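Novice: Input structure: coords_19.csv, which contains CSV, C-alpha atoms.
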chain,number,residue,atom,x,y,z
A,1,MET,CA,36.2,-62.3,-33.6
A,2,PRO,CA,34.8,-65.5,-31.9
A,3,GLU,CA,31.1,-66.0,-31.4
A,4,LEU,CA,29.2,-67.4,-28.5
A,5,LEU,CA,25.6,-67.1,-29.5
A,6,PRO,CA,22.2,-67.4,-27.8
A,7,PHE,CA,20.3,-70.5,-28.8
A,8,HIS,CA,17.1,-72.5,-27.9
A,9,GLY,CA,18.4,-74.5,-25.0
A,10,LEU,CA,16.9,-77.9,-24.0
A,11,LEU,CA,16.7,-78.1,-20.2
A,12,PRO,CA,15.3,-80.5,-17.6
A,13,VAL,CA,12.5,-79.1,-15.4
A,14,PRO,CA,14.2,-77.6,-12.4
A,15,GLU,CA,13.1,-80.2,-9.9
A,16,ARG,CA,14.8,-82.9,-11.9
A,17,ALA,CA,18.0,-81.1,-12.8
A,18,ALA,CA,20.2,-82.7,-10.1
A,19,GLU,CA,19.0,-86.2,-11.1
A,20,VAL,CA,19.6,-85.6,-14.8
A,21,ALA,CA,23.0,-84.0,-14.6
A,22,ALA,CA,25.8,-86.5,-15.1
A,23,VAL,CA,29.6,-86.5,-15.3
A,24,PRO,CA,31.1,-86.3,-18.8
A,25,TYR,CA,31.0,-89.5,-20.7
A,26,ASP,CA,34.8,-89.7,-21.0
A,27,VAL,CA,35.8,-89.6,-17.3
A,28,VAL,CA,34.1,-92.8,-16.4
A,29,ASN,CA,34.2,-96.4,-17.8
A,30,THR,CA,31.2,-98.6,-18.3
A,31,ARG,CA,31.3,-100.1,-14.8
A,32,GLU,CA,31.7,-96.7,-13.1
A,33,ALA,CA,28.9,-95.2,-15.2
A,34,ALA,CA,26.5,-98.1,-14.4
A,35,ALA,CA,27.2,-97.6,-10.7
A,36,LEU,CA,26.6,-93.8,-10.8
A,37,ALA,CA,23.3,-94.3,-12.7
A,38,ALA,CA,22.0,-97.2,-10.6
A,39,GLY,CA,18.6,-96.5,-9.3
A,40,ASN,CA,18.3,-93.2,-11.2
A,41,PRO,CA,16.3,-93.6,-14.4
A,42,TRP,CA,16.8,-89.8,-15.2
A,43,SER,CA,20.6,-89.9,-15.1
A,44,PHE,CA,22.0,-88.6,-18.4
A,45,LEU,CA,24.5,-91.4,-18.3
A,46,HIS,CA,21.7,-93.5,-19.8
A,47,VAL,CA,22.3,-91.3,-22.9
A,48,SER,CA,26.0,-90.6,-22.8
A,49,ARG,CA,27.0,-94.2,-21.8
A,50,PRO,CA,24.0,-96.1,-23.2
A,51,GLU,CA,25.9,-99.5,-23.1
A,52,ILE,CA,25.0,-99.6,-19.3
A,53,ASP,CA,21.5,-100.6,-20.4
A,54,LEU,CA,22.6,-103.3,-22.8
A,55,GLU,CA,24.1,-106.7,-22.3
A,56,PRO,CA,27.5,-106.8,-20.5
A,57,GLY,CA,30.5,-106.7,-22.8
A,58,ILE,CA,28.8,-105.3,-25.8
A,59,ASP,CA,31.1,-103.6,-28.3
A,60,LEU,CA,30.9,-99.8,-27.5
A,61,HIS,CA,30.6,-99.1,-31.2
A,62,ASP,CA,27.8,-101.6,-31.9
A,63,ASP,CA,24.9,-100.1,-33.8
A,64,ARG,CA,22.6,-101.0,-30.8
A,65,VAL,CA,24.6,-98.7,-28.5
A,66,TYR,CA,23.8,-95.6,-30.6
A,67,GLU,CA,20.2,-96.8,-31.0
A,68,GLN,CA,19.9,-97.1,-27.3
A,69,ALA,CA,21.4,-93.6,-26.8
A,70,GLY,CA,18.6,-92.3,-29.0
A,71,THR,CA,15.9,-94.2,-27.2
A,72,ALA,CA,17.2,-93.0,-23.8
A,73,PHE,CA,17.3,-89.4,-25.0
A,74,ARG,CA,13.8,-89.5,-26.3
A,75,ARG,CA,12.6,-91.0,-23.0
A,76,LEU,CA,14.2,-88.3,-21.0
A,77,CYS,CA,12.8,-85.6,-23.3
A,78,ASN,CA,9.3,-87.0,-22.8
A,79,GLU,CA,9.4,-88.2,-19.1
A,80,VAL,CA,11.7,-85.9,-17.2
A,81,PRO,CA,10.7,-83.8,-19.2
A,82,LEU,CA,13.4,-81.9,-21.1
A,83,GLN,CA,11.9,-78.7,-22.3
A,84,LEU,CA,13.0,-76.4,-25.2
A,85,ASP,CA,13.4,-72.7,-24.4
A,86,PRO,CA,11.1,-70.8,-26.8
A,87,GLY,CA,13.5,-67.9,-26.9
A,88,LYS,CA,17.2,-67.8,-27.7
A,89,HIS,CA,19.4,-67.4,-24.6
A,90,LEU,CA,22.9,-67.5,-23.2
A,91,TYR,CA,23.2,-69.1,-19.8
A,92,ILE,CA,25.6,-68.6,-16.9
A,93,TYR,CA,27.1,-71.8,-15.4
A,94,ARG,CA,28.9,-71.6,-12.1
A,95,LEU,CA,31.0,-74.4,-10.6
A,96,GLN,CA,32.2,-74.5,-7.0
A,97,MET,CA,34.6,-77.1,-5.6
A,98,GLY,CA,35.5,-76.3,-2.1
A,99,ASP,CA,36.8,-72.7,-2.1
A,100,HIS,CA,37.4,-72.7,-5.8
A,101,VAL,CA,34.6,-70.9,-7.9
A,102,GLN,CA,34.5,-70.4,-11.6
A,103,THR,CA,31.7,-68.8,-13.6
A,104,GLY,CA,31.3,-69.2,-17.3
A,105,VAL,CA,28.9,-68.3,-20.1
A,106,LEU,CA,27.2,-71.2,-21.9
A,107,GLY,CA,26.2,-70.7,-25.5
A,108,ALA,CA,26.6,-71.9,-29.1
A,109,ALA,CA,30.2,-71.9,-30.5
A,110,SER,CA,30.9,-71.9,-34.2
A,111,ALA,CA,32.2,-75.1,-35.9
A,112,ALA,CA,33.5,-72.9,-38.7
A,113,GLU,CA,35.6,-70.9,-36.2
A,114,TYR,CA,37.0,-74.2,-34.8
A,115,ARG,CA,38.0,-75.2,-38.4
A,116,ALA,CA,39.5,-71.7,-38.9
A,117,GLY,CA,41.6,-71.8,-35.7
A,118,ILE,CA,39.7,-69.0,-34.0
A,119,ILE,CA,38.8,-71.6,-31.4
A,120,LYS,CA,42.3,-72.9,-30.7
A,121,LYS,CA,43.3,-76.4,-29.8
A,122,HIS,CA,46.4,-77.7,-28.0
A,123,GLU,CA,45.8,-81.5,-28.3
A,124,ASN,CA,45.6,-83.9,-31.2
A,125,THR,CA,42.4,-85.9,-31.5
A,126,ARG,CA,42.0,-89.6,-32.3
A,127,LYS,CA,39.9,-90.6,-35.3
A,128,ASP,CA,38.1,-93.4,-33.5
A,129,LYS,CA,37.0,-91.1,-30.7
A,130,GLU,CA,35.9,-88.5,-33.2
A,131,ASP,CA,33.9,-91.2,-35.1
A,132,ASP,CA,32.2,-92.2,-31.9
A,133,ARG,CA,31.2,-88.6,-30.8
A,134,THR,CA,30.1,-87.7,-34.3
A,135,ARG,CA,27.8,-90.7,-34.6
A,136,HIS,CA,26.4,-90.1,-31.1
A,137,VAL,CA,25.7,-86.4,-31.9
A,138,MET,CA,24.1,-87.3,-35.2
A,139,THR,CA,22.0,-90.0,-33.7
A,140,LEU,CA,20.6,-87.6,-31.1
A,141,ARG,CA,20.6,-84.5,-33.4
A,142,SER,CA,21.8,-82.7,-30.3
A,143,HIS,CA,25.0,-81.6,-28.6
A,144,THR,CA,24.4,-82.8,-25.0
A,145,GLY,CA,27.8,-82.2,-23.4
A,146,PRO,CA,29.5,-78.8,-23.6
A,147,ALA,CA,33.1,-78.2,-24.7
A,148,PHE,CA,35.1,-76.3,-22.0
A,149,LEU,CA,36.6,-73.1,-23.5
A,150,THR,CA,38.6,-70.3,-22.0
A,151,TYR,CA,39.6,-66.8,-23.1
A,152,ARG,CA,41.8,-64.0,-21.8
A,153,ASP,CA,39.8,-62.0,-19.2
A,154,SER,CA,37.5,-59.2,-20.2
A,155,THR,CA,36.4,-56.7,-17.5
A,156,ALA,CA,33.3,-55.9,-19.6
A,157,ILE,CA,32.2,-59.6,-19.7
A,158,ASP,CA,33.0,-60.0,-16.0
A,159,ALA,CA,30.8,-57.1,-15.1
A,160,MET,CA,27.9,-58.4,-17.2
A,161,VAL,CA,28.2,-61.9,-15.8
A,162,ALA,CA,28.4,-60.5,-12.2
A,163,ALA,CA,25.2,-58.5,-12.7
A,164,GLU,CA,23.3,-61.6,-14.0
A,165,THR,CA,24.3,-63.8,-11.1
A,166,THR,CA,22.5,-61.5,-8.6
A,167,ARG,CA,19.3,-62.9,-10.0
A,168,THR,CA,17.5,-66.1,-9.0
A,169,PRO,CA,19.1,-69.1,-10.7
A,170,LEU,CA,17.3,-71.8,-12.7
A,171,PHE,CA,19.2,-74.6,-11.0
A,172,ASP,CA,21.3,-74.7,-7.9
A,173,PHE,CA,22.4,-78.1,-6.5
A,174,THR,CA,25.3,-79.9,-5.1
A,175,ALA,CA,26.2,-83.2,-6.8
A,176,PRO,CA,27.2,-86.3,-4.9
A,177,ASP,CA,30.9,-85.6,-5.5
A,178,GLY,CA,30.5,-82.3,-3.6
A,179,ILE,CA,30.6,-80.0,-6.7
A,180,ARG,CA,28.0,-77.3,-6.6
A,181,HIS,CA,26.4,-76.4,-10.0
A,182,THR,CA,24.4,-73.2,-10.5
A,183,LEU,CA,22.8,-72.1,-13.8
A,184,TRP,CA,21.1,-68.8,-14.7
A,185,ARG,CA,19.2,-68.0,-17.9
A,186,ILE,CA,20.0,-64.6,-19.4
A,187,SER,CA,17.2,-62.6,-21.0
A,188,GLU,CA,17.2,-62.4,-24.8
A,189,SER,CA,18.1,-58.8,-24.9
A,190,GLN,CA,21.0,-59.2,-22.4
A,191,SER,CA,22.1,-62.3,-24.2
A,192,GLU,CA,22.5,-60.4,-27.4
A,193,MET,CA,24.6,-57.7,-25.6
A,194,LEU,CA,26.8,-60.3,-24.0
A,195,ALA,CA,27.3,-62.1,-27.3
A,196,ALA,CA,28.4,-58.8,-28.8
A,197,GLU,CA,30.9,-58.3,-26.1
A,198,PHE,CA,32.4,-61.8,-26.8
A,199,ARG,CA,33.1,-60.6,-30.4
A,200,ARG,CA,35.6,-58.1,-28.9
A,201,ILE,CA,37.9,-60.8,-27.6
A,202,SER,CA,40.5,-62.3,-30.0
A,203,CYS,CA,39.9,-66.1,-29.7
A,204,PHE,CA,38.8,-69.0,-27.6
A,205,TYR,CA,41.0,-71.8,-26.4
A,206,ILE,CA,39.8,-75.3,-25.8
A,207,ALA,CA,40.6,-76.3,-22.3
A,208,ASP,CA,38.8,-79.6,-22.3
A,209,GLY,CA,36.6,-81.1,-25.0
A,210,HIS,CA,38.8,-81.5,-28.1
A,211,HIS,CA,36.9,-84.5,-29.3
A,212,ARG,CA,33.5,-82.9,-28.7
A,213,SER,CA,34.7,-79.8,-30.8
A,214,ALA,CA,36.2,-81.9,-33.6
A,215,ALA,CA,33.0,-84.0,-33.7
A,216,ALA,CA,31.0,-80.8,-33.9
A,217,ALA,CA,33.0,-79.7,-36.9
A,218,ARG,CA,32.5,-83.0,-38.6
A,219,THR,CA,28.7,-82.9,-37.8
A,220,ALA,CA,28.4,-79.5,-39.5
A,221,ALA,CA,30.4,-80.7,-42.5
A,222,GLU,CA,28.1,-83.8,-42.8
A,223,CYS,CA,24.8,-81.8,-42.4
A,224,ALA,CA,25.6,-79.0,-44.8
A,225,PRO,CA,25.6,-80.9,-48.1
A,226,ALA,CA,22.2,-82.4,-47.2
A,227,ASN,CA,20.6,-79.0,-47.0
A,228,PRO,CA,20.2,-77.4,-50.5
A,229,HIS,CA,19.4,-74.0,-48.7
A,230,HIS,CA,22.5,-74.1,-46.4
A,231,THR,CA,23.4,-70.6,-45.2
A,232,GLY,CA,26.0,-71.4,-42.4
A,233,GLN,CA,23.6,-70.0,-39.7
A,234,GLU,CA,21.7,-73.3,-39.2
A,235,ASP,CA,21.9,-74.9,-35.7
A,236,TYR,CA,24.0,-77.7,-37.0
A,237,ASN,CA,26.8,-75.2,-37.6
A,238,PHE,CA,27.1,-74.5,-33.9
A,239,PHE,CA,27.9,-76.6,-30.8
A,240,LEU,CA,27.5,-76.4,-27.0
A,241,ALA,CA,30.3,-74.7,-25.1
A,242,VAL,CA,31.0,-73.0,-21.8
A,243,ALA,CA,33.6,-70.2,-21.9
A,244,PHE,CA,35.4,-69.3,-18.7
A,245,PRO,CA,37.9,-66.4,-18.1
A,246,ALA,CA,41.4,-67.8,-17.9
A,247,THR,CA,42.2,-66.5,-14.5
A,248,GLN,CA,39.4,-68.5,-12.9
A,249,LEU,CA,40.6,-71.9,-14.1
A,250,ALA,CA,42.1,-74.6,-11.9
A,251,ILE,CA,44.4,-77.0,-13.7
A,252,LEU,CA,45.5,-80.0,-11.6
A,253,PRO,CA,48.5,-82.1,-12.4
A,254,TYR,CA,48.4,-85.1,-14.6
A,255,ASN,CA,50.7,-87.6,-12.9
A,256,ARG,CA,52.4,-90.7,-14.2
A,257,ALA,CA,53.0,-94.3,-13.0
A,258,VAL,CA,55.2,-96.8,-14.8
A,259,ARG,CA,55.0,-100.6,-14.4
A,260,THR,CA,58.7,-101.5,-14.6
A,261,LEU,CA,62.1,-99.9,-14.4
A,262,ASN,CA,63.0,-101.3,-17.8
A,263,GLY,CA,65.7,-103.6,-16.4
A,264,HIS,CA,67.1,-101.2,-13.9
A,265,THR,CA,67.4,-101.8,-10.2
A,266,PRO,CA,66.2,-98.9,-8.0
A,267,GLU,CA,69.8,-98.0,-7.2
A,268,GLY,CA,70.8,-98.2,-10.8
A,269,PHE,CA,67.8,-96.1,-11.9
A,270,LEU,CA,68.7,-93.4,-9.3
A,271,LYS,CA,72.3,-93.3,-10.6
A,272,GLU,CA,71.1,-92.9,-14.2
A,273,LEU,CA,68.8,-90.1,-13.2
A,274,ALA,CA,71.7,-88.1,-11.9
A,275,THR,CA,72.9,-87.5,-15.5
A,276,ALA,CA,70.1,-85.0,-16.1
A,277,PHE,CA,68.7,-84.2,-12.7
A,278,SER,CA,69.7,-83.2,-9.2
A,279,VAL,CA,68.1,-86.1,-7.1
A,280,THR,CA,67.5,-85.5,-3.4
A,281,PRO,CA,65.2,-87.2,-0.9
A,282,ALA,CA,61.9,-85.5,-0.3
A,283,GLN,CA,59.4,-85.7,2.6
A,284,ASP,CA,56.3,-86.1,0.4
A,285,GLY,CA,55.0,-85.9,-3.2
A,286,LYS,CA,53.7,-82.4,-3.3
A,287,THR,CA,55.3,-80.1,-5.9
A,288,GLY,CA,55.6,-76.5,-5.2
A,289,CYS,CA,56.6,-74.8,-8.4
A,290,PRO,CA,57.3,-75.4,-12.1
A,291,GLY,CA,60.5,-77.4,-12.7
A,292,GLU,CA,59.9,-79.6,-9.7
A,293,ILE,CA,59.2,-83.3,-10.3
A,294,LYS,CA,58.6,-85.6,-7.4
A,295,MET,CA,59.3,-89.4,-7.8
A,296,TYR,CA,58.1,-92.3,-5.6
A,297,LEU,CA,60.4,-95.2,-5.8
A,298,ALA,CA,60.9,-98.2,-3.5
A,299,GLY,CA,58.8,-96.6,-0.7
A,300,ARG,CA,60.6,-93.2,-0.8
A,301,TRP,CA,59.9,-89.8,-2.3
A,302,TYR,CA,62.6,-87.9,-4.3
A,303,LEU,CA,62.8,-84.4,-5.7
A,304,LEU,CA,64.1,-84.2,-9.3
A,305,LYS,CA,65.3,-80.8,-10.5
A,306,PRO,CA,66.9,-80.5,-14.0
A,307,ASN,CA,70.6,-79.7,-13.9
A,308,PHE,CA,70.1,-77.8,-17.2
A,309,ASP,CA,68.2,-74.6,-18.0
A,310,PRO,CA,64.7,-75.4,-19.2
A,311,SER,CA,64.1,-71.7,-20.2
A,312,VAL,CA,66.4,-72.1,-23.3
A,313,LEU,CA,64.1,-74.9,-24.6
A,314,GLY,CA,61.1,-74.5,-27.0
A,315,VAL,CA,57.6,-73.8,-25.7
A,316,ILE,CA,56.8,-77.5,-25.8
A,317,GLU,CA,60.1,-78.9,-24.6
A,318,ARG,CA,60.3,-76.7,-21.5
A,319,LEU,CA,57.0,-78.2,-20.1
A,320,ASP,CA,57.6,-80.4,-17.0
A,321,VAL,CA,55.8,-83.3,-18.7
A,322,SER,CA,58.1,-82.9,-21.7
A,323,ILE,CA,61.2,-82.8,-19.5
A,324,LEU,CA,60.1,-86.0,-17.8
A,325,GLN,CA,59.3,-87.7,-21.1
A,326,ASP,CA,62.5,-86.6,-22.9
A,327,ASN,CA,64.9,-87.3,-20.1
A,328,VAL,CA,63.3,-90.2,-18.1
A,329,LEU,CA,60.4,-92.0,-19.7
A,330,ALA,CA,61.9,-92.4,-23.2
A,331,PRO,CA,65.6,-92.9,-22.6
A,332,LEU,CA,65.6,-94.8,-19.3
A,333,LEU,CA,62.2,-96.5,-19.1
A,334,GLY,CA,61.7,-97.2,-22.9
A,335,ILE,CA,58.4,-95.4,-23.2
A,336,THR,CA,58.8,-93.7,-26.5
A,337,ASP,CA,55.1,-93.2,-27.3
A,338,PRO,CA,53.1,-92.6,-24.1
A,339,ARG,CA,49.9,-92.6,-26.1
A,340,THR,CA,50.2,-96.3,-26.9
A,341,SER,CA,52.5,-97.8,-24.3
A,342,SER,CA,50.9,-100.3,-21.9
A,343,GLU,CA,53.7,-99.6,-19.4
A,344,ILE,CA,52.4,-96.2,-18.3
A,345,ASP,CA,49.3,-95.0,-16.6
A,346,PHE,CA,48.1,-91.4,-16.2
A,347,ILE,CA,46.5,-90.3,-12.9
A,348,GLY,CA,44.4,-87.1,-12.6
A,349,GLY,CA,45.6,-84.9,-9.9
A,350,ILE,CA,42.2,-84.9,-8.2
A,351,ARG,CA,43.3,-88.3,-6.8
A,352,GLY,CA,46.2,-86.8,-4.9
A,353,VAL,CA,49.7,-88.2,-4.3
A,354,ALA,CA,48.5,-90.9,-2.0
A,355,ALA,CA,47.2,-92.7,-5.1
A,356,LEU,CA,50.7,-92.7,-6.5
A,357,GLU,CA,52.1,-94.2,-3.4
A,358,LYS,CA,49.4,-96.9,-3.4
A,359,MET,CA,50.1,-97.9,-7.0
A,360,VAL,CA,53.8,-98.4,-6.3
A,361,ASP,CA,53.4,-100.0,-2.9
A,362,SER,CA,50.9,-102.6,-4.4
A,363,GLY,CA,53.7,-103.9,-6.6
A,364,GLU,CA,51.7,-103.3,-9.8
A,365,PHE,CA,53.9,-100.3,-10.6
A,366,ALA,CA,57.6,-99.7,-10.1
A,367,VAL,CA,57.7,-95.9,-10.0
A,368,SER,CA,55.4,-92.9,-10.1
A,369,PHE,CA,55.9,-89.2,-10.8
A,370,SER,CA,54.1,-86.3,-9.2
A,371,MET,CA,54.0,-83.3,-11.6
A,372,TYR,CA,53.5,-79.6,-11.1
A,373,PRO,CA,50.4,-78.6,-13.1
A,374,THR,CA,50.7,-77.1,-16.6
A,375,THR,CA,49.6,-73.4,-16.4
A,376,VAL,CA,46.8,-71.8,-18.4
A,377,GLU,CA,49.5,-69.3,-19.7
A,378,GLN,CA,51.5,-72.3,-21.0
A,379,LEU,CA,48.4,-73.8,-22.6
A,380,MET,CA,47.5,-70.5,-24.4
A,381,ALA,CA,51.1,-69.9,-25.5
A,382,ILE,CA,51.2,-73.4,-27.1
A,383,ALA,CA,47.9,-73.0,-28.8
A,384,ASP,CA,48.9,-69.5,-30.1
A,385,ALA,CA,52.0,-71.1,-31.6
A,386,GLY,CA,49.9,-73.7,-33.3
A,387,ALA,CA,51.7,-76.4,-31.4
A,388,ILE,CA,50.4,-79.5,-29.7
A,389,MET,CA,51.0,-80.5,-26.1
A,390,PRO,CA,52.2,-83.9,-25.1
A,391,PRO,CA,49.4,-86.3,-24.2
A,392,LYS,CA,47.9,-86.0,-20.7
A,393,SER,CA,49.3,-82.6,-19.9
A,394,THR,CA,46.3,-81.0,-18.2
A,395,TRP,CA,43.6,-82.1,-15.9
A,396,PHE,CA,40.8,-79.6,-15.3
A,397,GLU,CA,38.6,-79.7,-12.2
A,398,PRO,CA,35.8,-79.2,-11.5
A,399,LYS,CA,34.1,-80.9,-14.5
A,400,LEU,CA,31.1,-79.6,-16.4
A,401,ARG,CA,28.0,-81.8,-16.2
A,402,ASP,CA,26.2,-83.3,-19.2
A,403,GLY,CA,22.4,-82.9,-19.7
A,404,LEU,CA,21.9,-79.6,-17.9
A,405,VAL,CA,21.5,-77.8,-21.2
A,406,CYS,CA,21.4,-79.4,-24.6
A,407,HIS,CA,21.7,-77.9,-28.1
A,408,ASN,CA,19.4,-79.5,-30.7
A,409,PHE,CA,19.9,-79.1,-34.4
Once you've parsed the file, please lay out its structure as structure tokens.
Specialist:
Amino acid sequence: MPELLPFHGLLPVPERAAEVAAVPYDVVNTREAAALAAGNPWSFLHVSRPEIDLEPGIDLHDDRVYEQAGTAFRRLCNEVPLQLDPGKHLYIYRLQMGDHVQTGVLGAASAAEYRAGIIKKHENTRKDKEDDRTRHVMTLRSHTGPAFLTYRDSTAIDAMVAAETTRTPLFDFTAPDGIRHTLWRISESQSEMLAAEFRRISCFYIADGHHRSAAAARTAAECAPANPHHTGQEDYNFFLAVAFPATQLAILPYNRAVRTLNGHTPEGFLKELATAFSVTPAQDGKTGCPGEIKMYLAGRWYLLKPNFDPSVLGVIERLDVSILQDNVLAPLLGITDPRTSSEIDFIGGIRGVAALEKMVDSGEFAVSFSMYPTTVEQLMAIADAGAIMPPKSTWFEPKLRDGLVCHNF
């Protein structure tokens, strides 16, 4: 019985929303963040990537980085300004990328339910990234970027959301990357009714935001002992999340490029591949269905189709990314741990297959692989089984924006 609760949202004044909203902290590096925030003092990147306002090359975990995040947050609160809703509300957040539209409900998810597995994960987290997010959240005393959750569709929730989106939104703008962001505030009474409807679904699944969710659980665990009157209902026990119905999600492929052929010639590599795959020339790098892997090697595209039956494999092993890892990357290219190997790069599908060609044609990489996207059904099946996906299995687009709604505690 998962909860997505109304809360006192902290929002920018409507006329500044487009200037404040920023891409998530973990999809840009320092240089990219600085370029996006250049000339815009209200960009939330000054909070989420505070090193852009400090000396070049500073350690990202330096005390001054977190202090700067706090300074920037207070400045935005005072000068934008960011204003606290006096009532407790849920919000509706719609994203549109071209013809794709997805509409979710933004509210406060439970850290206790994350720990209990009612909010299900499909990825492992790294302690250093958890440490960073936890310290950032504790410095601000605010969750400023939402976790991206999904759930099996509910016709009742769909109907309530559709009714609310006929009203005038709080924010409606198109970001420089072409993504349209629209936000509605739901009345307090309707928020309570919608929250009650969410209690009827079985669970949430983390689509994107595993480190945000893990850091929220750590934040709650850190705050509770400091409160002698702790009840479990305090704001620090909850974190910012947007929940979308599963059928509305768009998962793009997470492609791979490898720097060397591990001693193989292109001809020898093709011969080795024939042990596990049918290898045929292809016109381009677009994949059309699960089980298809396209490979770009020596200026040509090839189609790789397993010459074994993936359906007899386990729920993890039958994923296309697992088939590539287990039959190509590890045994032939020597990449036994893709999390740590410097020989492999992962490329979000938003960049298209032309990026894979460019990486190989430049000579920096020897081979690239175009993957069919992991499906939402596969993600949920793996989470239901308590299993963990291989690294870099999913790339969700469009991305939620930081700074549109914050959750203070």
Novice: Counting all atoms listed in the file, what is within 8 Å of stretch 66-75 of chain A, bar same-chain residues fewer than 5 positions away, as number ranges by chain?
Specialist: A: 46-51, 53, 61, 80, 135-136, 139-140
Novice: Could you save those same residues with C-alpha atoms as a PDB file, in the frame of the given file?
Specialist:
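Heads up, here's the output in out-v8.pdb:
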ATOM      1  CA  HIS A  46      21.700 -93.500 -19.800  1.00  0.00           C
ATOM      2  CA  VAL A  47      22.300 -91.300 -22.900  1.00  0.00           C
ATOM      3  CA  SER A  48      26.000 -90.600 -22.800  1.00  0.00           C
ATOM      4  CA  ARG A  49      27.000 -94.200 -21.800  1.00  0.00           C
ATOM      5  CA  PRO A  50      24.000 -96.100 -23.200  1.00  0.00           C
ATOM      6  CA  GLU A  51      25.900 -99.500 -23.100  1.00  0.00           C
ATOM      7  CA  ASP A  53      21.500-100.600 -20.400  1.00  0.00           C
ATOM      8  CA  HIS A  61      30.600 -99.100 -31.200  1.00  0.00           C
ATOM      9  CA  VAL A  80      11.700 -85.900 -17.200  1.00  0.00           C
ATOM     10  CA  ARG A 135      27.800 -90.700 -34.600  1.00  0.00           C
ATOM     11  CA  HIS A 136      26.400 -90.100 -31.100  1.00  0.00           C
ATOM     12  CA  THR A 139      22.000 -90.000 -33.700  1.00  0.00           C
ATOM     13  CA  LEU A 140      20.600 -87.600 -31.100  1.00  0.00           C
TER      14      LEU A 140
END
Novice: Fewer than 4 positions away in the same chain doesn't count, so skip those; otherwise give me all residues within 10 Å of A:Gln283, counting all atoms listed in the file, as a list in words.
Specialist: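 The neighbour list is Arg300, Trp301, Tyr302 and Leu303 of chain A.
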Novice: From the options A:Met359, A:Gly178, A:Ala108, A:Asp402, which residue's atoms come nearest to A:Asp235, counting all atoms listed in the file?
Specialist: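 Once distances to A:Asp235 are computed over all atoms listed in the file, the minimum belongs to A:Ala108.
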Novice: Using only C-alpha atoms, can you list as a VMD selection string the residues within 9 Å of (51.0, -85.4, -11.2)?
Specialist: chain A and resid 252 to 256 285 to 287 293 to 294 346 to 349 352 to 353 356 368 to 373
Novice: Using all atoms listed in the file, find the one residue out of A:Thr155, A:Asn124, A:Thr30, A:Asn237 that sits nearest to A:Lys392.
Specialist: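 Of all the options, A:Asn124 lies closest to A:Lys392.
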Novice: Report as an MDAnalysis selection string all protein, DNA and RNA residues lying within 7 Å of A:Gly104, evaluated on only C-alpha atoms, omitting residues in the same chain fewer than 5 positions from it.
Specialist: chainID A and resid 92:94 242:244
Novice: Record the distance separating atom CA of A:Ala298 and atom CA of A:Glu272, expressed in Å with one decimal.
Specialist: 15.7 Å
Novice: Would you compute the distance between atom CA of A:His211 and atom CA of A:Glu130? Give it in Å to one decimal.
Specialist: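 Separating atom CA of A:His211 from atom CA of A:Glu130 is a distance of 5.7 Å.
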Novice: Have a look at A:Leu60, A:Leu332, A:Met1, A:Leu76 and name the one nearest to A:Leu261; count only C-alpha atoms.
Specialist: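 When distances to A:Leu261 are compared using only C-alpha atoms, the smallest one comes from A:Leu332.
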Novice: Can you tell me which residues surround A:Ser202 at a distance of at most 12 Å, considering all atoms listed in the file, apart from same-chain residues fewer than 3 positions away, and format the answer as a CSV table (one decimal) with C-alpha atoms, in the frame of the given file?
Specialist:
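Here's the written file result32.csv:
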chain,number,residue,atom,x,y,z
A,1,MET,CA,36.2,-62.3,-33.6
A,2,PRO,CA,34.8,-65.5,-31.9
A,3,GLU,CA,31.1,-66.0,-31.4
A,113,GLU,CA,35.6,-70.9,-36.2
A,117,GLY,CA,41.6,-71.8,-35.7
A,118,ILE,CA,39.7,-69.0,-34.0
A,119,ILE,CA,38.8,-71.6,-31.4
A,120,LYS,CA,42.3,-72.9,-30.7
A,150,THR,CA,38.6,-70.3,-22.0
A,151,TYR,CA,39.6,-66.8,-23.1
A,152,ARG,CA,41.8,-64.0,-21.8
A,153,ASP,CA,39.8,-62.0,-19.2
A,154,SER,CA,37.5,-59.2,-20.2
A,197,GLU,CA,30.9,-58.3,-26.1
A,198,PHE,CA,32.4,-61.8,-26.8
A,199,ARG,CA,33.1,-60.6,-30.4
A,205,TYR,CA,41.0,-71.8,-26.4
A,384,ASP,CA,48.9,-69.5,-30.1
Novice: Can you work out which one of A:Asn40, A:Gln102, A:Gly209, A:Glu188 has the shortest atom-to-atom distance to A:Glu19, counting all atoms listed in the file?
Specialist: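 Result for the nearest residue to A:Glu19: A:Asn40.
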Novice: Please return, as a list of chain:residue names, all polymer residues that have at least one atom within 12 Å of the point (23.8, -61.8, -11.9); use only C-alpha atoms and the file's own coordinate frame.
Specialist: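 Returned residue set, sorted by chain then number, is A:Tyr91, A:Ile92, A:Tyr93, A:Arg94, A:Thr103, A:Gly104, A:Val105, A:Ile157, A:Asp158, A:Ala159, A:Met160, A:Val161, A:Ala162, A:Ala163, A:Glu164, A:Thr165, A:Thr166, A:Arg167, A:Thr168, A:Pro169, A:Leu170, A:Thr182, A:Leu183, A:Trp184, A:Arg185, A:Ile186, A:Ser187, A:Gln190.
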Novice: If you measure from atom CA of A:Ser278 to atom CA of A:Leu329, what distance in Å do you get, rounded to one decimal?
Specialist: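 Computed distance, atom CA of A:Ser278 to atom CA of A:Leu329, equals 16.6 Å.
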Novice: At a cut-off of 7 Å, using all atoms listed in the file, what residues contact A:Arg133? Leave out same-chain residues fewer than 4 positions from it and give the result as a list in words.
Specialist: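 Contacts, in chain order: Lys129, Val137, Arg212 and Ala215 of chain A.
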